[in-house]
Amino acid sequence: VMGATDGAAPREGWSSRTAFILAAIGSAVGLGNLWRFPAEAGENGGGAFVLFYILCVALIGLPVLLSETLIGRHGQASAPESVRRVALESGASKHWSVLAGMGVTAAFLILSFYCVVGGWVLYYIGVFVSDLFQTGLTGGAFQGRPASDIESLLPSLFGNGGLMVGLDFAFLAVTLYFVARGVSGGIEWVATWLMPAFFALLILITIYGFATGAASETVAYLFTFDFSKLTPEVMLAAVGQAFFSLSLGVAGMITYGAYAGKDVNLGKTSGIIASADTAVALIAGLCIFPIVFAAGLSVSAGPGLMFQSLPVAFQNMPFGSLIGVAFFVMVAFAALTSSVALLEVPTAWTMERFAIGRMPSAIIVAIGAAILGALSALSFNEMADFRPLGFIPTFAEANFFDALDGVTAKLFMPIGAILTCVFVGWIADTRLIDSENGLDGALHKLWRFLVRFLCPLALIAILVVGLSS
Ligand code: PFF
C-alpha cells in the first residue's frame with residue numbers, strides 16, 4: 001500500500017544498518033581478496049607489497065570509499081542520477097554525472113568477465129566433489145595422480161570453450177536470480193547468509209592451514225618489509241589492487257550507498273568496510289601461503305596460485321578433497337556477493353532510465369553480460385588470436401578477456417576515482433558534504449585533505465604509469 005497514492009513504488013533500501021554493512025563488505029570481499037591479492041603479493045615480493053597495500057587502503061581507498069557512499073546516500077537514486085542531484089544542489093554542472101556513467105559501464109564490463117572466473121570456481125567445486133567420491137573422505141585429494149595432472153586441470157578447462165561458456169552462464173544466472181529479487185529480498189539475503197558462512201569457512205581453513213602447514217615461513221614472508229623490493233611497479237600493483245578490492249571507481253559504492261538510510265554514519269561504516277576487506281585479504285594470504293609453502297610450491301605462480309598450486313597442495317593433506325570442496329565453495333560465496341553488486345549497478349540505472357521494473361532491467365543487463373562473457377570465455381580457446389584493441393599499444397597483445405580487464409582496471413577505475421575526488425573535494429557544496437560524512441574534528445580535516453590532494457594526485461600517477469607500461 002505504501003506509495004500507492006502517487007502511483008510510484010517506494011524506493012528500495014536496506015532493512016537495517018547491519019544489512020548495509022554486510023552487503024558492502026560482500027561487494028568488497030571477492031575474487032579480488034582470495035585470488036588476486038595472494039597472487040599479487042606473491043608476484044610482488046611479499047611484505048613490501050603488503051605494507052604498501054595497507055597504506056593505499058588507508059590513505060587512498062578509504063577516503064574515496066567514503067566519497068562514493070556519501071554521494072549515493074545523498075542522491076538516493078541510481079549512481080549517475082545521484083551525482084547529478086548532488087551537482088545541481090551544489091550549483092555545478094549536471095554533466096558531472098558522466099563520472100558515474102563511466103562507472104556503470106565499467107561495472108557492466110567487469111561483471112561480464114568476473115562471472116567467467118566465477119565459472120572456473122564452479123568447475124573446481126565439481127572437480128573436488130567428484131574426487132571426494134573417488135578417493136574418499138580422509139585421504140588427500142587426487143590420490144595416485146601426478147601433480148602435473150592436477151596443474152593441467154585449468155589449461156584443460158581453458159581448452160573447452162563450450163564448458164567455459166556454460167559455467168559462465170551458470171554463475172551469471174545465479175547472480176541474476178538474487179538481483180531480480182530486489183535489494184532487501186535478494187541482495188541482502190545473499191549477504192546476510194553467505195558472508196557469515198564465508199567467514200566461518202575462511203577461519204576454519206586458515207586454522208587448518210596454520211596447524212598443518214608452514215606457518216612461520218608464511219608470517220615471515222608476508223610481514224617482513226624489505227623496502228628494496230618497493231619498486232614503482234610494485235606500488236602501482238598495490239594501489240590498483242586496493243581499488244579493485246574495495247570495489248571503487250565503478251559506481252558500486254555509490255549505488256549501495258543510495259540504499260542506506262540517514263541513520264548510517266558513513267565515516268564509521270566506510271572504516272568498517274575497508275578494515276574487513278583488508279582483514280580478509282590478509283587472512284586469505286595466511287590461509288593460502290602455509291599450504292603452498294608446505295607443499296614446496298612457488299609463491300609467484302600468479303593467477304595459477306589458487307587454481308593450480310593450491311589444488312596440488314590439497315593432495316598431500318588429510319581430508320584434502322573435503323578441504324578442496326570447502327575452499328572453493330567459500331570462494332564461490334565471496335564471488336557471488338561481488339557479482340551481485342556488479343549486476344546491481346547497471347540494473348539500478350536501467351530501471352530508472354527506462355522506467356521499467358527490476359526483473360526486466362536485470363534480465364536485459366544480464367543478457368548483455370552473457371554475450372560479452374561468452375566472448376571472454378572463448379578468448380581462451382576458439383578466439384585466442386583475436387586482439388580487440390590491437391590498435392592501442394598498451395593493449396595490443398590482449399585477447400578479449402585481458403582487454404576488458406585492462407581497460408577497466410587501467411582506464412575506467414582510475415578515471416572514475418579521480419573525477420569522484422575532484423567532484424567531492426572541489427565541486428560539491430561543502431555543507432552538503434559535511435552533513436553526510438559523519439566525521440568531525442581532525443579526522444574530517446584529514447579526510448578533506450586526502451580527497452582534495454593526495455588521492456587525485458596518486459590516482460593520476462597510477463593512470464599515467466599504468467597506460468605507459
Ligand atoms: N571488490 C570485488 C573483489 O575484490 O573481488 C570486485 C568488485 C566488486 C569490483 C564490485 C567492483 C564492484 F563494484
# chains A, B, ... in the order shown; residues from 1 in each chain; ligands from 1
>>> residues_around(residues="Glu89 (chain A)", least_positions_apart="4", cutoff="10 Å", atoms="only C-alpha atoms", output="list in words")
Val83, Arg84, Arg85, Ser93, Lys94, Ala428, Asp429 and Leu432 of chain A
>>> residues_near_ligand(ligand="ligand 1", cutoff="7 Å", atoms="only C-alpha atoms and all ligand atoms", output="ChimeraX atom specification")
/A:27-33,107,244-248,250-253,335,338-339,341-342
>>> write_last_selection(atoms="C-alpha atoms", output="mmCIF file, in the first residue's frame")
data_model
loop_
_atom_site.group_PDB
_atom_site.id
_atom_site.type_symbol
_atom_site.label_atom_id
_atom_site.label_comp_id
_atom_site.auth_asym_id
_atom_site.auth_seq_id
_atom_site.Cartn_x
_atom_site.Cartn_y
_atom_site.Cartn_z
ATOM 1 C CA SER A 27 30.695 -6.422 -2.583
ATOM 2 C CA ALA A 28 34.238 -5.655 -1.491
ATOM 3 C CA VAL A 29 35.259 -9.178 -0.481
ATOM 4 C CA GLY A 30 35.532 -11.347 -3.553
ATOM 5 C CA LEU A 31 37.890 -12.885 -6.057
ATOM 6 C CA GLY A 32 39.991 -9.763 -5.551
ATOM 7 C CA ASN A 33 40.805 -10.815 -1.986
ATOM 8 C CA ALA A 107 30.673 -2.348 -13.614
ATOM 9 C CA PHE A 244 39.631 -3.300 -7.168
ATOM 10 C CA SER A 245 39.327 -4.927 -3.785
ATOM 11 C CA LEU A 246 37.309 -2.065 -2.292
ATOM 12 C CA SER A 247 35.017 -2.003 -5.369
ATOM 13 C CA LEU A 248 35.923 1.627 -6.096
ATOM 14 C CA VAL A 250 32.891 1.752 -10.761
ATOM 15 C CA ALA A 251 29.922 3.415 -9.030
ATOM 16 C CA GLY A 252 29.319 0.292 -6.948
ATOM 17 C CA MET A 253 29.566 2.015 -3.599
ATOM 18 C CA ALA A 335 32.462 -14.069 -5.689
ATOM 19 C CA SER A 338 30.521 -9.275 -5.532
ATOM 20 C CA SER A 339 28.915 -10.214 -8.851
ATOM 21 C CA ALA A 341 26.905 -5.807 -6.667
ATOM 22 C CA LEU A 342 28.313 -5.591 -10.185
#
>>> atom_distance(atom1="CA of Gly26 (chain A)", atom2="CA of Ala417 (chain A)")
20.4 Å
>>> residues_around(residues="Ala279 (chain A)", least_positions_apart="5", cutoff="10 Å", atoms="only C-alpha atoms", output="PyMOL selection string")
chain A and resi 29+33+54+273-274+284-285
>>> write_last_selection(atoms="N, CA and C atoms", output="compact mmCIF listing (two decimals), in the first residue's frame")
# COMPACT_ATOMS: atom_id res chain seq x y z
N VAL A 29 34.55 -7.90 -0.62
CA VAL A 29 35.26 -9.18 -0.48
C VAL A 29 34.87 -10.10 -1.62
N ASN A 33 40.11 -10.50 -3.24
CA ASN A 33 40.80 -10.81 -1.99
C ASN A 33 41.43 -12.20 -2.02
N ILE A 54 48.43 -1.83 2.48
CA ILE A 54 47.66 -1.35 3.63
C ILE A 54 47.65 0.19 3.66
N ILE A 273 34.04 -1.22 6.57
CA ILE A 273 34.09 -1.96 5.31
C ILE A 273 35.55 -2.15 4.86
N ALA A 274 36.32 -1.05 4.90
CA ALA A 274 37.71 -1.14 4.45
C ALA A 274 38.53 -2.07 5.34
N ALA A 284 43.38 -14.28 3.76
CA ALA A 284 43.49 -15.14 2.58
C ALA A 284 44.96 -15.49 2.33
N GLY A 285 45.85 -14.51 2.54
CA GLY A 285 47.29 -14.78 2.42
C GLY A 285 47.73 -15.81 3.45
>>> residues_around(residues="Ala295 (chain A)", least_positions_apart="4", cutoff="10 Å", atoms="only C-alpha atoms", output="PDB file with C-alpha atoms, in the first residue's frame")
ATOM      1  CA  GLY A 213      51.335 -26.115   7.004  1.00  0.00           C
ATOM      2  CA  ALA A 214      54.322 -23.781   7.073  1.00  0.00           C
ATOM      3  CA  PHE A 289      50.653 -19.488   1.697  1.00  0.00           C
ATOM      4  CA  PRO A 290      51.173 -22.020   4.541  1.00  0.00           C
ATOM      5  CA  ILE A 291      49.618 -24.663   2.307  1.00  0.00           C
ATOM      6  CA  SER A 309      49.198 -24.624  -6.840  1.00  0.00           C
ATOM      7  CA  LEU A 310      46.615 -24.877  -4.101  1.00  0.00           C
ATOM      8  CA  VAL A 312      48.271 -29.665  -5.757  1.00  0.00           C
ATOM      9  CA  ALA A 313      48.824 -28.818  -2.105  1.00  0.00           C
ATOM     10  CA  PHE A 314      45.464 -30.358  -1.162  1.00  0.00           C
ATOM     11  CA  GLN A 315      46.830 -33.629  -2.499  1.00  0.00           C
ATOM     12  CA  ASN A 316      49.137 -34.093   0.463  1.00  0.00           C
ATOM     13  CA  MET A 317      46.586 -33.156   3.075  1.00  0.00           C
TER      14      MET A 317
END
>>> closest_residue(among="A:Leu111, A:Val292, A:Met235, A:Leu70", to="Leu51 (chain A)", atoms="only C-alpha atoms")
A:Met235
>>> closest_residue(among="A:Ala48, A:Val451, A:Phe158, A:Leu222", to="Ala281 (chain A)", atoms="only C-alpha atoms")
A:Leu222
>>> closest_residue(among="A:Ala369, A:Ala384, A:Ala58, A:Val129", to="Ser275 (chain A)", atoms="only C-alpha atoms")
A:Ala58
>>> residues_around(residues="Phe20 (chain A)", least_positions_apart="3", cutoff="8 Å", atoms="only C-alpha atoms", output="list in words")
Trp14, Ser15, Ser16, Arg17, Ala23, Ala24, Glu188, Tyr256, Tyr259 and Ala260 of chain A
>>> closest_residue(among="A:Leu375, A:Leu34, A:Val345, A:Ile323", to="Gly257 (chain A)", atoms="only C-alpha atoms")
A:Val345
>>> residues_around(residues="Met306 (chain A)", least_positions_apart="6", cutoff="9 Å", atoms="only C-alpha atoms", output="PyMOL selection string")
chain A and resi 34-36+38-39+288
>>> closest_residue(among="A:Tyr208, A:Phe227, A:Phe52, A:Phe333", to="Val190 (chain A)", atoms="only C-alpha atoms")
A:Phe333
>>> select_by_dssp(residues="region 299-468 of chain A", states="helix (DSSP H, G or I)", output="count of residues only")
133
